[in-house]
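Note sheet for the following structure.
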Amino acid sequence: LIALQIARPVLAITEAAAAVSGGNFETVAPVMTEDEAGARATAFNEMTERLRRLYFDLNQQVDATTRAMVDLEKSRKLLQSIIDNYPYSDYALLAELAIADAYFADEKYEEALSYYRDFADLHPQHAKVPYTLFQAALCHERRTRGANRDQTPTRDALVFLDQLLSSHPHSEYAAEAEVHWRDLRLLLAEQVRLIARFYMKRGEWESAADRWRMLLNEYPGLGLDAQALYQLAVCYTEMNRNEEADNIFQAIVQNYQDSEWADDAKQRIAASQ
């Protein structure tokens, strides 16, 4: 009988735990005693209450997200009806942008890009064209990957940024566009740098030198020039083009004396004498 009295509260907690694990968050473990078993039952009930509140909050968030998605789709249909019924009105133009922005907010970048691009093409004199060019670039940028992956989205984004900066250099989006332009160019430059380093590790010095020259010619002024020059000189050294290598090391010492590569270049010069 005493054993049963001891075991009963423990069994009750075990049964309650099984019910909760099955998804019944309304389960309450009975508090039968004021000893350790009772304390465990109380603690279990407090934990279950927290789980119940968390589950309720999560369901509310899911419901809100679902409602937002439904409302967004209804809004897109309403805006499209404005475009279809009043294609030459100012409201149609605003509706086109609103649809593009809605797709962008919903992370449907391909759909958003279609509207932004069409707006810029069909209304080249409109005041919102700089905005659409910038947003079109962002649609591509959001799909960019690391430097070791395909960089087609990066190049596509740069096409729109170049168009924005060349055609609308004084627009309100120009300054931010320049930041994105530099970041995307750095991403392309980093891919070239990775390929160059890959060829150097394989001892393919001519291929590596081609990539370092490409980095210097196509992506100057991004903070990689000193490194590219140094590594190009190293490649020339390995190819027994020592005079060219020494000239480059000298140029690094003279023009990039504050860079980390200047000291290495000095050591290379000293070693060659």
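Chain labels A, B, ... are given in the sequence in which chains occur in the structure tokens; within each chain residues are numbered consecutively from 1, and ligands are likewise numbered from 1 in the order shown.
Residues within 7 Å of Ala92 of chain A, counting only C-alpha atoms and excluding same-chain residues fewer than 6 positions away, are Ile82, Ile83 and Tyr86 of chain A.
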May I have the residues from that selection written out with N, CA and C atoms, as a PDB file, in the first residue's frame?
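Result file is selection-v4.pdb:
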```pdb
ATOM      1  N   ILE A  82      -7.002  47.226 -62.169  1.00  0.00           N
ATOM      2  CA  ILE A  82      -6.862  48.647 -62.498  1.00  0.00           C
ATOM      3  C   ILE A  82      -6.035  48.808 -63.773  1.00  0.00           C
ATOM      4  N   ILE A  83      -4.945  48.029 -63.855  1.00  0.00           N
ATOM      5  CA  ILE A  83      -4.086  48.092 -65.054  1.00  0.00           C
ATOM      6  C   ILE A  83      -4.866  47.652 -66.286  1.00  0.00           C
ATOM      7  N   TYR A  86      -7.871  50.372 -66.885  1.00  0.00           N
ATOM      8  CA  TYR A  86      -7.493  51.779 -67.102  1.00  0.00           C
ATOM      9  C   TYR A  86      -6.003  51.854 -67.461  1.00  0.00           C
TER      10      TYR A  86
END
```
Checklist line | Filtered DSSP result for segment 41-273 of chain A, state alpha helix (DSSP H), as number ranges by chain | finding: A: 41-85, 90-105, 109-122, 129-141, 152-167, 174-201, 205-218, 225-238, 242-255, 260-272
Next item on the list: For segment 139-156 of chain A, list every protein, DNA or RNA residue within 12 Å, evaluated using only C-alpha atoms, and leave out those in the same chain fewer than 2 positions away; present the list as a PyMOL selection string.
Entry: chain A and resi 100-101+103-117+132-137+158-163+177+180-195+198
Check: Which of these, A:Gln254, A:Glu96, A:Arg268, A:Asp263, has the shortest distance to Val234 of chain A once you count only C-alpha atoms?
Finding: A:Arg268
Next item on the list: Would you list the contacts of segment 71-81 of chain A as a ChimeraX atom specification, taking every protein, DNA or RNA residue within 8 Å and counting only C-alpha atoms, but skipping same-chain residues closer than 3 positions in sequence?
Entry: /A:67-68,84-85,92,95-96,98-99,102
